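Structure data (PDB, C-alpha atoms) from work.pdb:
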```
ATOM      1  CA  MET A   1       2.003 -13.125 -63.072
ATOM      2  CA  PRO A   2       4.901 -15.384 -64.183
ATOM      3  CA  PRO A   3       4.064 -18.103 -66.671
ATOM      4  CA  GLY A   4       3.196 -21.448 -65.167
ATOM      5  CA  VAL A   5       2.244 -20.001 -61.766
ATOM      6  CA  ALA A   6      -1.383 -20.224 -60.993
ATOM      7  CA  ARG A   7      -3.208 -17.386 -59.393
ATOM      8  CA  SER A   8      -4.138 -19.622 -56.459
ATOM      9  CA  ASP A   9      -0.416 -20.275 -55.784
ATOM     10  CA  VAL A  10       0.238 -16.534 -55.530
ATOM     11  CA  GLU A  11      -2.761 -16.082 -53.259
ATOM     12  CA  ALA A  12      -1.633 -19.003 -51.109
ATOM     13  CA  THR A  13       1.819 -17.456 -50.760
ATOM     14  CA  ASP A  14       0.253 -14.128 -49.769
ATOM     15  CA  ARG A  15      -1.979 -15.885 -47.253
ATOM     16  CA  ARG A  16       1.015 -17.704 -45.758
ATOM     17  CA  ALA A  17       2.884 -14.413 -45.423
ATOM     18  CA  GLN A  18      -0.133 -12.838 -43.724
ATOM     19  CA  LEU A  19      -0.472 -15.867 -41.444
ATOM     20  CA  ASP A  20       3.214 -15.692 -40.505
ATOM     21  CA  ALA A  21       2.870 -11.968 -39.770
ATOM     22  CA  ALA A  22      -0.205 -12.646 -37.635
ATOM     23  CA  ARG A  23       1.629 -15.388 -35.732
ATOM     24  CA  GLY A  24       4.511 -13.001 -35.092
ATOM     25  CA  GLU A  25       2.086 -10.375 -33.807
ATOM     26  CA  ILE A  26       0.386 -12.956 -31.572
ATOM     27  CA  ALA A  27       3.758 -13.977 -30.118
ATOM     28  CA  ARG A  28       4.666 -10.325 -29.468
ATOM     29  CA  LEU A  29       1.308  -9.646 -27.820
ATOM     30  CA  ARG A  30       1.571 -12.831 -25.728
ATOM     31  CA  GLN A  31       4.987 -11.729 -24.453
ATOM     32  CA  GLN A  32       3.660  -8.259 -23.716
ATOM     33  CA  TYR A  33       0.698  -9.806 -21.875
ATOM     34  CA  LEU A  34       3.013 -11.953 -19.733
ATOM     35  CA  GLU A  35       5.106  -8.905 -18.816
ATOM     36  CA  VAL A  36       2.024  -6.904 -17.853
ATOM     37  CA  ALA A  37       0.618  -9.858 -15.892
ATOM     38  CA  GLU A  38       3.893 -10.099 -13.934
ATOM     39  CA  LYS A  39       3.803  -6.381 -13.147
ATOM     40  CA  LEU A  40       0.178  -6.707 -12.063
ATOM     41  CA  SER A  41       1.058  -9.599  -9.761
ATOM     42  CA  GLU A  42       3.865  -7.556  -8.192
ATOM     43  CA  ALA A  43       1.547  -4.563  -7.769
ATOM     44  CA  ARG A  44      -1.082  -6.732  -6.082
ATOM     45  CA  GLN A  45       1.555  -8.070  -3.690
ATOM     46  CA  ASP A  46       2.674  -4.511  -2.913
ATOM     47  CA  ILE A  47      -0.938  -3.533  -2.227
ATOM     48  CA  ARG A  48      -1.403  -6.496   0.145
ATOM     49  CA  GLU A  49       1.790  -5.589   2.011
ATOM     50  CA  ASN A  50       0.793  -1.926   2.233
ATOM     51  CA  ASP A  51      -2.681  -2.865   3.463
ATOM     52  CA  GLN A  52      -1.096  -5.015   6.173
ATOM     53  CA  ARG A  53       1.216  -2.182   7.229
ATOM     54  CA  LEU A  54      -1.708   0.245   7.217
ATOM     55  CA  THR A  55      -3.745  -2.070   9.444
ATOM     56  CA  GLU A  56      -0.819  -2.481  11.833
ATOM     57  CA  SER A  57      -0.289   1.288  11.914
ATOM     58  CA  ARG A  58      -3.957   1.936  12.662
ATOM     59  CA  VAL A  59      -3.876  -0.541  15.554
ATOM     60  CA  ARG A  60      -0.706   1.112  16.868
ATOM     61  CA  ILE A  61      -2.267   4.582  16.580
ATOM     62  CA  GLU A  62      -5.378   3.431  18.455
ATOM     63  CA  ASP A  63      -3.190   1.932  21.197
ATOM     64  CA  LEU A  64      -1.042   5.054  21.494
ATOM     65  CA  SER A  65      -4.112   7.286  21.481
ATOM     66  CA  ALA A  66      -5.668   5.284  24.322
ATOM     67  CA  ARG A  67      -2.406   5.387  26.280
ATOM     68  CA  PHE A  68      -2.117   9.136  25.711
ATOM     69  CA  GLY A  69      -5.658   9.646  26.950
ATOM     70  CA  THR A  70      -4.974   7.616  30.094
ATOM     71  CA  LEU A  71      -1.701   9.406  30.830
ATOM     72  CA  SER A  72      -3.289  12.781  30.182
ATOM     73  CA  GLU A  73      -6.063  12.003  32.676
ATOM     74  CA  GLN A  74      -3.509  10.824  35.244
ATOM     75  CA  VAL A  75      -1.453  14.008  34.872
ATOM     76  CA  THR A  76      -4.608  16.100  35.205
ATOM     77  CA  MET A  77      -5.611  14.224  38.363
ATOM     78  CA  ALA A  78      -2.103  14.595  39.785
ATOM     79  CA  LYS A  79      -2.099  18.312  39.024
ATOM     80  CA  ARG A  80      -5.344  18.722  40.948
ATOM     81  CA  SER A  81      -4.143  16.603  43.887
ATOM     82  CA  ARG A  82      -4.207  18.391  47.251
ATOM     83  CA  TRP A  83      -1.003  16.654  48.305
ATOM     84  CA  LEU A  84       0.872  17.983  45.292
ATOM     85  CA  LYS A  85      -0.537  21.474  45.880
ATOM     86  CA  LEU A  86       0.662  21.290  49.472
ATOM     87  CA  GLY A  87       4.079  20.099  48.309
ATOM     88  CA  ARG A  88       4.328  22.977  45.857
ATOM     89  CA  LEU A  89       3.631  25.413  48.706
ATOM     90  CA  PHE A  90       6.832  24.121  50.285
ATOM     91  CA  GLY A  91       8.693  24.185  46.969
ATOM     92  CA  VAL A  92       8.756  20.444  46.384
ATOM     93  CA  GLY A  93       6.969  18.166  43.948
ATOM     94  CA  PRO A  94       6.526  18.210  40.221
ATOM     95  CA  GLN A  95       5.022  20.999  38.160
ATOM     96  CA  PHE A  96       2.506  19.653  35.673
ATOM     97  CA  GLU A  97       1.137  21.385  32.651
ATOM     98  CA  ILE A  98      -2.022  20.064  31.033
ATOM     99  CA  PRO A  99      -1.346  19.219  27.405
ATOM    100  CA  GLU A 100      -3.434  21.001  24.848
TER     101      GLU A 100
END
```

Using structure tokens, write down the structure from this file.
Amino acid sequence: MPPGVARSDVEATDRRAQLDAARGEIARLRQQYLEVAEKLSEARQDIRENDQRLTESRVRIEDLSARFGTLSEQVTMAKRSRWLKLGRLFGVGPQFEIPE
């Protein structure tokens, strides 16, 4: 230890250096936290948008499925119609195939 410098002065300098290092680490971690928080916010927004699209797609699928069922029944009824069978005997009228 240099002459005239008290041990407590050296310790105080070391403590200040440690404190400055800790403050620097806190600032770095705070910045990292803010970046991660921003990414999390963006991810949550993406999830909300995807959930909305998924809900809309499910509604659309249900609607299309119901319409398909109705049209399939109508085609089946038309195929079994006596008038269409009679028309096919004369070579007129549509030919229906029942979807699988």

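Between CA of Gly93 (chain A) and CA of Arg80 (chain A) there is a distance of 12.7 Å.
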
Using the file's own x, y and z axes, what box holds all listed atoms of region 19-30 of chain A with 4 Å on each side, keeping edges along x, y and z, and what are its centre and edge lengths in Å to one decimal, as JSON?
```
{"center_x": 2.1, "center_y": -12.8, "center_z": -33.6, "size_x": 13.1, "size_y": 14.2, "size_z": 23.7}
```

Please list as a ChimeraX atom specification every residue within 12 Å of Phe96 (chain A), counting only C-alpha atoms and excluding residues in the same chain fewer than 5 positions away.
/A:72-81,84-85,88

Interface rows for region 27-52 of chain A against region 7-23 of chain A: nearest pair, Å to one decimal, 12 Å, only C-alpha atoms, as JSON lines:
```
{"residue": "A:Ala27", "atom": "CA", "partner": "A:Arg23", "partner_atom": "CA", "distance": 6.2}
{"residue": "A:Arg28", "atom": "CA", "partner": "A:Arg23", "partner_atom": "CA", "distance": 8.6}
{"residue": "A:Leu29", "atom": "CA", "partner": "A:Arg23", "partner_atom": "CA", "distance": 9.8}
{"residue": "A:Arg30", "atom": "CA", "partner": "A:Arg23", "partner_atom": "CA", "distance": 10.3}
```

Got time to write the residues from that selection, C-alpha atoms, as a PDB file, in the frame of the given file?
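Saved result, result09.pdb, follows:
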```pdb
ATOM      1  CA  ALA A  27       3.758 -13.977 -30.118  1.00  0.00           C
ATOM      2  CA  ARG A  28       4.666 -10.325 -29.468  1.00  0.00           C
ATOM      3  CA  LEU A  29       1.308  -9.646 -27.820  1.00  0.00           C
ATOM      4  CA  ARG A  30       1.571 -12.831 -25.728  1.00  0.00           C
TER       5      ARG A  30
END
```

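The space separating CA of Gln52 (chain A) from CA of Ala66 (chain A) comes to 21.4 Å.
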
CA of Leu71 (chain A) to CA of Leu89 (chain A) measures 24.6 Å
